[in-house]
Amino acid sequence: MRTTIFVAVSALAAVGSCLPGADKHEFCAPGPKDARSPCPMLNSLANHGYLPRNGKNVSIDQIVNGIDEALNLSPLSSRPVAEFAATTSTTGNPSTMHLSDLATHGVIEHDGSLSRNDIFFGDNKKFNKKIYDTVAKFFTKDVISIQTAANARRSRLVAAQAANPAFNFTAREDQFSQFETALYLAVYGKGTEGNAKTKWVNIMFREERIPYKEGFKRPTDVITNEDIVELADKVKAAA
Ligand code: HEM
Ligand SMILES: *[C@@H]1O[C@H](CO)[C@@H](O)[C@H](O)[C@H]1NC(C)=O
Ligand SMILES: *[C@@H]1O[C@H](CO)[C@@H](O)[C@H](O)[C@H]1NC(C)=O
């Protein structure tokens with residue numbers, strides 16, 4: 001009896017909020033002590049155990065490998081971003097970070113996010129349903145075209161600028177934001193044509209879950225950095 005309890009408790013401790021016996025990449029919502037980021041995809045990867053489920057001491061390599069394993073997005077695309085992200089590290093080890101470190105404003109985190117509020121209003125890290133609803137209302141079809149994604153992004157930027165007296169959005173932030181839209185179009189769409197499955201994109205933002213149950217599979221063709229750049233350029237041109 002004592003052994004059984006011990007085994008159950010240590011299994012829980014090992015996998016965060018997963019029930020004992022959970023599969024390695026099963027979705028488990030984070031527990032209250034788990035660290036999460038302002039990135040809906042890194043959070044999804046942690047919720048599926050592609051990254052440490054507690055979101056703590058995550059290494060650059062774990063981010064690069066987790067993105068490759070789950071999404072087939074080229075390390076040539078993810079590694080420079082992961083290295084840049086590590087400049088926010090508070091772990092004491094420059095090659096690891098807590099996911100929460102990524103909310104450091106002005107490194108990658110910026111104003112005018114699609115699903116988070118601006119730092120001026122206090123919380124720039126957690127999913128904000130009210131804000132995301134204003135974006136998702138553009139997603140009226142089964143798939144999100146590049147034009148629709150660009151319109152949703154533009155509308156959110158206009159609203160954020162109007163609401164926030166300290167709104168700071170330079171060319172640099174604009175570029176990050178274009179890349180973030182390009183990333184969801186690449187991962188949940190087709191090649192560089194956009195047309196991301198609306199249901200899958202909503203699940204990423206609203207549930208921080210990879211939509212396997214809804215049919216998502218790791219893309220068979222590698223998503224290259226060139227693909228992301230091409231999509232970001234198209235998002236910019238469609239704005
Ligand atoms: C090296 C890997 C990555 C790092 C370090 C990273 C980090 C971040 C950070 C810090 C933000 C917050 C920016 C903001 O203020 O809105 C963000 C946003 C975002 N990321 Fe990631 N990310 C990574 C990979 C990915 C991948 C592979 C995807 C694929 C879908 C993705 C999708 C997004 C999206 C859609 C947003 C915008 C969220 C919003 O506007 O509310 N990210 N990311
Ligand atoms: C993170 O790493 C530091 C330094 O190695 C260690 O002291 C700490 O316990 C680790 N935290 C977690 C939650 O793993
Ligand atoms: C606005 O953002 C830019 C680029 O990230 C930064 O250099 C600048 O210091 C920011 N300005 C303010 C007032 O925060």
# chains A, B, ... in the order shown; residues from 1 in each chain; ligands from 1
call {"tool": "residues_near_ligand", "arguments": {"ligand": "ligand 2", "cutoff": "7 Å", "atoms": "only C-alpha atoms and all ligand atoms", "output": "MDAnalysis selection string"}}
result
chainID A and resid 56:57 91:93
call {"tool": "write_last_selection", "arguments": {"atoms": "all heavy atoms", "output": "PDB file, in the first residue's frame"}}
result
ATOM      1  N   LYS A  56      10.492  24.896 -16.864  1.00  0.00           N
ATOM      2  CA  LYS A  56      11.649  25.486 -16.166  1.00  0.00           C
ATOM      3  C   LYS A  56      12.965  24.921 -16.717  1.00  0.00           C
ATOM      4  O   LYS A  56      13.039  23.767 -17.100  1.00  0.00           O
ATOM      5  CB  LYS A  56      11.540  25.169 -14.674  1.00  0.00           C
ATOM      6  CG  LYS A  56      10.187  25.579 -14.078  1.00  0.00           C
ATOM      7  CD  LYS A  56      10.340  26.427 -12.834  1.00  0.00           C
ATOM      8  CE  LYS A  56       8.986  26.911 -12.350  1.00  0.00           C
ATOM      9  NZ  LYS A  56       8.482  26.117 -11.224  1.00  0.00           N
ATOM     10  N   ASN A  57      13.990  25.765 -16.690  1.00  0.00           N
ATOM     11  CA  ASN A  57      15.322  25.341 -17.142  1.00  0.00           C
ATOM     12  C   ASN A  57      15.261  24.668 -18.520  1.00  0.00           C
ATOM     13  O   ASN A  57      15.865  23.627 -18.734  1.00  0.00           O
ATOM     14  CB  ASN A  57      15.957  24.362 -16.137  1.00  0.00           C
ATOM     15  CG  ASN A  57      16.390  25.036 -14.847  1.00  0.00           C
ATOM     16  OD1 ASN A  57      16.592  26.251 -14.796  1.00  0.00           O
ATOM     17  ND2 ASN A  57      16.523  24.253 -13.800  1.00  0.00           N
ATOM     18  N   THR A  91      17.874  31.851 -15.271  1.00  0.00           N
ATOM     19  CA  THR A  91      18.166  30.569 -14.613  1.00  0.00           C
ATOM     20  C   THR A  91      19.564  30.509 -14.004  1.00  0.00           C
ATOM     21  O   THR A  91      19.869  29.610 -13.247  1.00  0.00           O
ATOM     22  CB  THR A  91      18.067  29.393 -15.616  1.00  0.00           C
ATOM     23  OG1 THR A  91      19.065  29.591 -16.636  1.00  0.00           O
ATOM     24  CG2 THR A  91      16.693  29.310 -16.258  1.00  0.00           C
ATOM     25  N   GLY A  92      20.436  31.448 -14.410  1.00  0.00           N
ATOM     26  CA  GLY A  92      21.830  31.372 -13.986  1.00  0.00           C
ATOM     27  C   GLY A  92      22.668  30.572 -14.971  1.00  0.00           C
ATOM     28  O   GLY A  92      23.891  30.477 -14.824  1.00  0.00           O
ATOM     29  N   ASN A  93      22.018  29.994 -15.965  1.00  0.00           N
ATOM     30  CA  ASN A  93      22.723  29.241 -17.015  1.00  0.00           C
ATOM     31  C   ASN A  93      22.299  29.847 -18.342  1.00  0.00           C
ATOM     32  O   ASN A  93      21.127  29.783 -18.705  1.00  0.00           O
ATOM     33  CB  ASN A  93      22.309  27.762 -16.915  1.00  0.00           C
ATOM     34  CG  ASN A  93      22.847  26.941 -18.081  1.00  0.00           C
ATOM     35  OD1 ASN A  93      23.314  27.468 -19.092  1.00  0.00           O
ATOM     36  ND2 ASN A  93      22.766  25.625 -17.939  1.00  0.00           N
TER      37      ASN A  93
END
call {"tool": "residues_near_ligand", "arguments": {"ligand": "ligand 1", "cutoff": "8 Å", "atoms": "only C-alpha atoms and all ligand atoms", "output": "JSON, numbers by chain"}}
result
{"A": [37, 38, 39, 40, 41, 42, 60, 63, 64, 67, 71, 73, 77, 78, 79, 80, 81, 82, 83, 84, 85, 86, 102, 103, 104, 105, 107, 108, 109, 110, 111, 112, 113, 114, 115, 116, 118, 124, 125, 127, 132, 176, 177, 180, 181, 182, 183, 184, 185, 186, 187, 188, 205]}
call {"tool": "residues_around", "arguments": {"residues": "Ser155 (chain A)", "least_positions_apart": "4", "cutoff": "9 Å", "atoms": "only C-alpha atoms", "output": "NGL selection string"}}
result
:A and (134-135 or 150-151 or 159-160)
call {"tool": "write_last_selection", "arguments": {"atoms": "C-alpha atoms", "output": "compact mmCIF listing (two decimals), in the first residue's frame"}}
result
# COMPACT_ATOMS: atom_id res chain seq x y z
CA THR A 134 -11.45 40.35 -31.45
CA VAL A 135 -8.85 38.63 -33.65
CA ALA A 150 -3.08 40.07 -42.29
CA ASN A 151 -6.45 41.77 -41.73
CA ALA A 159 -7.01 48.60 -31.47
CA ALA A 160 -3.90 48.12 -29.31
call {"tool": "residues_near_ligand", "arguments": {"ligand": "ligand 3", "cutoff": "6 Å", "atoms": "only C-alpha atoms and all ligand atoms", "output": "ChimeraX atom specification"}}
result
/A:106,168,170
call {"tool": "select_by_dssp", "arguments": {"residues": "region 59-216 of chain A", "states": "helix (DSSP H, G or I)", "output": "VMD selection string"}}
result
chain A and resid 60 to 71 75 to 88 99 to 103 119 to 121 129 to 136 146 to 163 171 to 188 198 to 207
call {"tool": "residues_around", "arguments": {"residues": "Ser74 (chain A)", "least_positions_apart": "6", "cutoff": "7 Å", "atoms": "only C-alpha atoms", "output": "PDB file with N, CA and C atoms, in the first residue's frame"}}
result
ATOM      1  N   ASP A  68      11.327  20.694 -33.897  1.00  0.00           N
ATOM      2  CA  ASP A  68      11.595  19.772 -35.004  1.00  0.00           C
ATOM      3  C   ASP A  68      10.724  18.516 -34.856  1.00  0.00           C
ATOM      4  N   VAL A 222       9.745  19.302 -44.520  1.00  0.00           N
ATOM      5  CA  VAL A 222      10.319  20.252 -43.564  1.00  0.00           C
ATOM      6  C   VAL A 222       9.838  21.673 -43.891  1.00  0.00           C
ATOM      7  N   ILE A 223       9.480  22.415 -42.855  1.00  0.00           N
ATOM      8  CA  ILE A 223       9.175  23.842 -43.022  1.00  0.00           C
ATOM      9  C   ILE A 223      10.507  24.570 -42.890  1.00  0.00           C
ATOM     10  N   THR A 224      10.902  25.263 -43.960  1.00  0.00           N
ATOM     11  CA  THR A 224      12.230  25.893 -43.962  1.00  0.00           C
ATOM     12  C   THR A 224      12.150  27.345 -43.484  1.00  0.00           C
ATOM     13  N   ASN A 225      13.314  27.880 -43.180  1.00  0.00           N
ATOM     14  CA  ASN A 225      13.358  29.292 -42.816  1.00  0.00           C
ATOM     15  C   ASN A 225      12.906  30.163 -43.996  1.00  0.00           C
TER      16      ASN A 225
END
call {"tool": "atom_distance", "arguments": {"atom1": "CA of Asn72 (chain A)", "atom2": "CA of Ala238 (chain A)"}}
result
26.3 Å
call {"tool": "select_by_dssp", "arguments": {"residues": "region 141-231 of chain A", "states": "strand (DSSP E)", "output": "PyMOL selection string"}}
result
chain A and resi 143-144+196-197
call {"tool": "closest_residue", "arguments": {"among": "A:Arg156, A:Ser17, A:Asp221, A:Leu45", "to": "Pro32 (chain A)", "atoms": "only C-alpha atoms"}}
result
A:Ser17
call {"tool": "residues_around", "arguments": {"residues": "Ala35 (chain A)", "least_positions_apart": "3", "cutoff": "6 Å", "atoms": "only C-alpha atoms", "output": "ChimeraX atom specification"}}
result
/A:54-55,99-100
call {"tool": "write_last_selection", "arguments": {"atoms": "C-alpha atoms", "output": "tab-separated table (two decimals), in the first residue's frame"}}
result
chain	number	residue	atom	x	y	z
A	54	ASN	CA	7.18	22.42	-15.80
A	55	GLY	CA	8.51	25.00	-18.27
A	99	LEU	CA	9.39	29.83	-20.27
A	100	SER	CA	8.19	32.76	-18.16
call {"tool": "decode", "arguments": {"residues": "region 113-129 of chain A", "atoms": "N, CA and C atoms", "output": "PDB file, in the first residue's frame"}}
result
ATOM      1  N   SER A 113       0.054  42.143 -29.375  1.00  0.00           N
ATOM      2  CA  SER A 113      -0.054  40.696 -29.607  1.00  0.00           C
ATOM      3  C   SER A 113      -1.489  40.321 -29.951  1.00  0.00           C
ATOM      4  N   LEU A 114      -1.616  39.188 -30.635  1.00  0.00           N
ATOM      5  CA  LEU A 114      -2.937  38.727 -31.061  1.00  0.00           C
ATOM      6  C   LEU A 114      -3.748  38.159 -29.908  1.00  0.00           C
ATOM      7  N   SER A 115      -3.068  37.682 -28.882  1.00  0.00           N
ATOM      8  CA  SER A 115      -3.775  36.933 -27.832  1.00  0.00           C
ATOM      9  C   SER A 115      -3.330  37.296 -26.424  1.00  0.00           C
ATOM     10  N   ARG A 116      -2.551  38.340 -26.323  1.00  0.00           N
ATOM     11  CA  ARG A 116      -2.081  38.797 -25.012  1.00  0.00           C
ATOM     12  C   ARG A 116      -2.280  40.295 -24.927  1.00  0.00           C
ATOM     13  N   ASN A 117      -2.369  40.814 -23.705  1.00  0.00           N
ATOM     14  CA  ASN A 117      -2.462  42.255 -23.542  1.00  0.00           C
ATOM     15  C   ASN A 117      -1.062  42.874 -23.567  1.00  0.00           C
ATOM     16  N   ASP A 118      -1.004  44.197 -23.642  1.00  0.00           N
ATOM     17  CA  ASP A 118       0.279  44.899 -23.610  1.00  0.00           C
ATOM     18  C   ASP A 118       0.773  45.014 -22.174  1.00  0.00           C
ATOM     19  N   ILE A 119       2.078  45.082 -22.026  1.00  0.00           N
ATOM     20  CA  ILE A 119       2.707  45.178 -20.698  1.00  0.00           C
ATOM     21  C   ILE A 119       2.138  46.360 -19.895  1.00  0.00           C
ATOM     22  N   PHE A 120       1.774  47.429 -20.580  1.00  0.00           N
ATOM     23  CA  PHE A 120       1.208  48.616 -19.927  1.00  0.00           C
ATOM     24  C   PHE A 120       0.012  48.244 -19.052  1.00  0.00           C
ATOM     25  N   PHE A 121      -0.749  47.246 -19.463  1.00  0.00           N
ATOM     26  CA  PHE A 121      -1.945  46.848 -18.710  1.00  0.00           C
ATOM     27  C   PHE A 121      -1.658  45.753 -17.688  1.00  0.00           C
ATOM     28  N   GLY A 122      -0.385  45.395 -17.543  1.00  0.00           N
ATOM     29  CA  GLY A 122       0.001  44.490 -16.452  1.00  0.00           C
ATOM     30  C   GLY A 122       0.396  43.093 -16.876  1.00  0.00           C
ATOM     31  N   ASP A 123      -0.468  42.405 -17.591  1.00  0.00           N
ATOM     32  CA  ASP A 123      -0.173  41.003 -17.921  1.00  0.00           C
ATOM     33  C   ASP A 123       0.053  40.827 -19.420  1.00  0.00           C
ATOM     34  N   ASN A 124       1.300  40.665 -19.803  1.00  0.00           N
ATOM     35  CA  ASN A 124       1.641  40.491 -21.223  1.00  0.00           C
ATOM     36  C   ASN A 124       1.940  39.031 -21.549  1.00  0.00           C
ATOM     37  N   LYS A 125       1.610  38.130 -20.628  1.00  0.00           N
ATOM     38  CA  LYS A 125       2.045  36.738 -20.790  1.00  0.00           C
ATOM     39  C   LYS A 125       0.899  35.741 -20.964  1.00  0.00           C
ATOM     40  N   LYS A 126      -0.148  35.908 -20.189  1.00  0.00           N
ATOM     41  CA  LYS A 126      -1.226  34.909 -20.215  1.00  0.00           C
ATOM     42  C   LYS A 126      -2.220  35.167 -21.349  1.00  0.00           C
ATOM     43  N   PHE A 127      -2.780  34.084 -21.854  1.00  0.00           N
ATOM     44  CA  PHE A 127      -3.825  34.174 -22.872  1.00  0.00           C
ATOM     45  C   PHE A 127      -4.931  35.122 -22.397  1.00  0.00           C
ATOM     46  N   ASN A 128      -5.369  36.014 -23.272  1.00  0.00           N
ATOM     47  CA  ASN A 128      -6.429  36.968 -22.958  1.00  0.00           C
ATOM     48  C   ASN A 128      -7.583  36.719 -23.932  1.00  0.00           C
ATOM     49  N   LYS A 129      -8.637  36.112 -23.423  1.00  0.00           N
ATOM     50  CA  LYS A 129      -9.749  35.680 -24.279  1.00  0.00           C
ATOM     51  C   LYS A 129     -10.408  36.856 -24.990  1.00  0.00           C
TER      52      LYS A 129
END
